[in-house]
Amino acid sequence: MMQAIDAFGAAAMVLVLGDFGSTFLYHVPAHLWMRLHLRTHHDRRRSYWDHAVLSRDRGVLLDGFLGALPYLAVAAATWHLSPWGTLLGLALGQLHVWWRHTTELGWRTPPALARVLHRLWIVLPEDHDGHHRNPDIEFGDIFRFYDAPARAILAKLAPTSRRARNAAGRVSGNRDPVRA
Ligand SMILES: [Zn+2]
Ligand SMILES: [Zn+2]
């Protein structure tokens, strides 16, 4: 029984704390100051395979790896608690990466399932598709409760962002070929 509780705890920590780290230490900073994520993950011309990181493109793999690092760091910390639970958490996280991009393949979540998962704050493919269409909304890889704080941080730091710098460059006539 204790083992089952430890395994569940380890899996939950990998997913909840991993998503926290990935959202606030990588995803939000990537949107503010980096090109890589916007160039790979938010390029609508790319296919499901690139968005789901089932790709050989180096930029795609690097973006996926940086996003996965916080999950791996939590996994290293929960390993002693329960190796199986840790592996379960990582596996569920990986399955969620693939699942949340299936809107591009035509997946529609059944309404009853969508209601249950939304009660649990779980990001549906339809939610994540919203993030691809509008990079300013729907943060949190797996859990929607990270969306509001992520947006608040983005709004606070917006003046320091590449987007703001580029806009300032355009206004002053300073031709910067790089666009956010
Ligand atoms: Zn995505
Ligand atoms: Zn993004």
# chains A, B, ... in the order shown; residues from 1 in each chain; ligands from 1
call {"tool": "residues_near_ligand", "arguments": {"ligand": "ligand 1", "cutoff": "9 Å", "atoms": "only C-alpha atoms and all ligand atoms", "output": "list in words"}}
result
His41, His42, His51, Ala52, Val97, Arg100, His101, Pro125, His128, Asp129, His131, His132 and Asp141 of chain A
call {"tool": "write_last_selection", "arguments": {"atoms": "C-alpha atoms", "output": "PDB file, in the first residue's frame"}}
result
ATOM      1  CA  HIS A  41       6.832  25.186 -31.855  1.00  0.00           C
ATOM      2  CA  HIS A  42       4.750  28.132 -33.039  1.00  0.00           C
ATOM      3  CA  HIS A  51       5.029  19.995 -32.884  1.00  0.00           C
ATOM      4  CA  ALA A  52       4.943  16.638 -31.077  1.00  0.00           C
ATOM      5  CA  VAL A  97       3.040  15.778 -25.412  1.00  0.00           C
ATOM      6  CA  ARG A 100      -1.970  17.490 -26.889  1.00  0.00           C
ATOM      7  CA  HIS A 101      -0.911  17.989 -30.506  1.00  0.00           C
ATOM      8  CA  PRO A 125      -5.490  19.155 -27.229  1.00  0.00           C
ATOM      9  CA  HIS A 128      -3.096  23.573 -26.445  1.00  0.00           C
ATOM     10  CA  ASP A 129      -4.169  24.244 -30.018  1.00  0.00           C
ATOM     11  CA  HIS A 131      -1.718  28.256 -27.569  1.00  0.00           C
ATOM     12  CA  HIS A 132      -0.419  27.421 -31.042  1.00  0.00           C
ATOM     13  CA  ASP A 141       1.899  21.974 -20.682  1.00  0.00           C
TER      14      ASP A 141
END
call {"tool": "residues_near_ligand", "arguments": {"ligand": "ligand 2", "cutoff": "10 Å", "atoms": "only C-alpha atoms and all ligand atoms", "output": "MDAnalysis selection string"}}
result
chainID A and resid 23 26:31 37:42 128 131:141
call {"tool": "closest_residue", "arguments": {"among": "A:Asp50, A:Asp6, A:Asp63, A:Asp19", "to": "Trp98 (chain A)", "atoms": "only C-alpha atoms"}}
result
A:Asp50
call {"tool": "closest_residue", "arguments": {"among": "A:Phe143, A:Trp107, A:Phe65, A:Trp84", "to": "Ile5 (chain A)", "atoms": "only C-alpha atoms"}}
result
A:Trp84
call {"tool": "select_by_dssp", "arguments": {"residues": "region 55-171 of chain A", "states": "helix (DSSP H, G or I)", "output": "PyMOL selection string"}}
result
chain A and resi 58-78+83-100+102-105+111-119+125-133+144-160+162-171
call {"tool": "write_last_selection", "arguments": {"atoms": "C-alpha atoms", "output": "short mmCIF file (atom, residue, chain, number, x, y, z; two decimals), in the first residue's frame"}}
result
data_model
loop_
_atom_site.label_atom_id
_atom_site.label_comp_id
_atom_site.auth_asym_id
_atom_site.auth_seq_id
_atom_site.Cartn_x
_atom_site.Cartn_y
_atom_site.Cartn_z
CA ARG A 58 17.68 19.98 -34.51
CA GLY A 59 15.80 23.10 -33.46
CA VAL A 60 12.69 21.06 -32.68
CA LEU A 61 14.68 18.55 -30.63
CA LEU A 62 16.53 21.27 -28.72
CA ASP A 63 13.26 23.05 -27.89
CA GLY A 64 11.76 19.74 -26.75
CA PHE A 65 14.83 18.88 -24.68
CA LEU A 66 14.90 22.27 -22.93
CA GLY A 67 11.19 21.93 -22.19
CA ALA A 68 11.75 18.40 -20.82
CA LEU A 69 14.73 19.28 -18.58
CA PRO A 70 12.61 20.43 -15.59
CA TYR A 71 10.63 17.15 -15.71
CA LEU A 72 13.92 15.21 -15.73
CA ALA A 73 15.25 17.27 -12.81
CA VAL A 74 12.15 16.46 -10.75
CA ALA A 75 12.44 12.81 -11.84
CA ALA A 76 16.01 12.70 -10.50
CA ALA A 77 14.70 13.98 -7.16
CA THR A 78 11.72 11.57 -6.92
CA PRO A 83 11.49 4.54 -9.50
CA TRP A 84 8.30 3.07 -10.98
CA GLY A 85 6.22 6.08 -10.06
CA THR A 86 8.88 8.37 -11.51
CA LEU A 87 8.93 6.41 -14.76
CA LEU A 88 5.12 6.43 -14.85
CA GLY A 89 5.13 10.24 -14.45
CA LEU A 90 7.67 10.66 -17.26
CA ALA A 91 5.72 8.27 -19.52
CA LEU A 92 2.42 10.07 -18.87
CA GLY A 93 4.14 13.40 -19.54
CA GLN A 94 5.50 12.11 -22.84
CA LEU A 95 2.11 10.68 -23.85
CA HIS A 96 0.55 14.05 -23.07
CA VAL A 97 3.04 15.78 -25.41
CA TRP A 98 1.89 13.56 -28.26
CA TRP A 99 -1.80 13.71 -27.31
CA ARG A 100 -1.97 17.49 -26.89
CA THR A 102 -3.45 15.59 -32.03
CA THR A 103 -5.88 18.38 -32.93
CA GLU A 104 -3.75 18.67 -36.07
CA LEU A 105 -4.59 15.03 -36.79
CA PRO A 111 -17.60 16.51 -24.53
CA ALA A 112 -18.12 14.28 -21.47
CA LEU A 113 -14.39 13.53 -21.22
CA ALA A 114 -13.56 17.21 -21.78
CA ARG A 115 -15.76 18.18 -18.83
CA VAL A 116 -14.08 15.68 -16.51
CA LEU A 117 -10.55 16.63 -17.58
CA HIS A 118 -11.26 20.35 -17.29
CA ARG A 119 -12.42 19.79 -13.70
CA PRO A 125 -5.49 19.15 -27.23
CA GLU A 126 -8.09 21.82 -28.02
CA ASP A 127 -6.66 24.05 -25.24
CA HIS A 128 -3.10 23.57 -26.44
CA ASP A 129 -4.17 24.24 -30.02
CA GLY A 130 -5.32 27.62 -28.69
CA HIS A 131 -1.72 28.26 -27.57
CA HIS A 132 -0.42 27.42 -31.04
CA ARG A 133 -2.93 29.79 -32.64
CA ARG A 144 -4.25 24.78 -16.82
CA PHE A 145 -3.68 26.35 -13.39
CA TYR A 146 -0.30 27.58 -14.63
CA ASP A 147 -1.92 29.68 -17.35
CA ALA A 148 -3.00 32.68 -15.24
CA PRO A 149 0.31 33.15 -13.37
CA ALA A 150 2.25 32.64 -16.61
CA ARG A 151 0.24 35.33 -18.35
CA ALA A 152 0.68 37.68 -15.39
CA ILE A 153 4.47 37.26 -15.58
CA LEU A 154 4.44 37.72 -19.35
CA ALA A 155 2.45 40.94 -18.98
CA LYS A 156 4.82 42.24 -16.28
CA LEU A 157 7.95 41.49 -18.26
CA ALA A 158 6.50 42.44 -21.67
CA PRO A 159 8.54 45.70 -21.84
CA THR A 160 11.75 43.62 -21.72
CA ARG A 162 12.11 40.69 -27.89
CA ARG A 163 8.76 41.76 -29.28
CA ALA A 164 8.97 45.11 -27.47
CA ARG A 165 12.60 45.58 -28.54
CA ASN A 166 11.75 44.84 -32.15
CA ALA A 167 8.78 47.20 -32.08
CA ALA A 168 11.02 49.94 -30.61
CA GLY A 169 13.58 49.23 -33.33
CA ARG A 170 10.94 49.62 -36.02
CA VAL A 171 9.67 52.90 -34.56
#
call {"tool": "closest_residue", "arguments": {"among": "A:Trp121, A:Ser161, A:Arg45, A:Ser82", "to": "Met2 (chain A)", "atoms": "only C-alpha atoms"}}
result
A:Ser82
call {"tool": "atom_distance", "arguments": {"atom1": "CA of Val123 (chain A)", "atom2": "CA of Arg35 (chain A)"}}
result
24.3 Å
call {"tool": "atom_distance", "arguments": {"atom1": "CA of Ser22 (chain A)", "atom2": "CA of Gly106 (chain A)"}}
result
26.8 Å
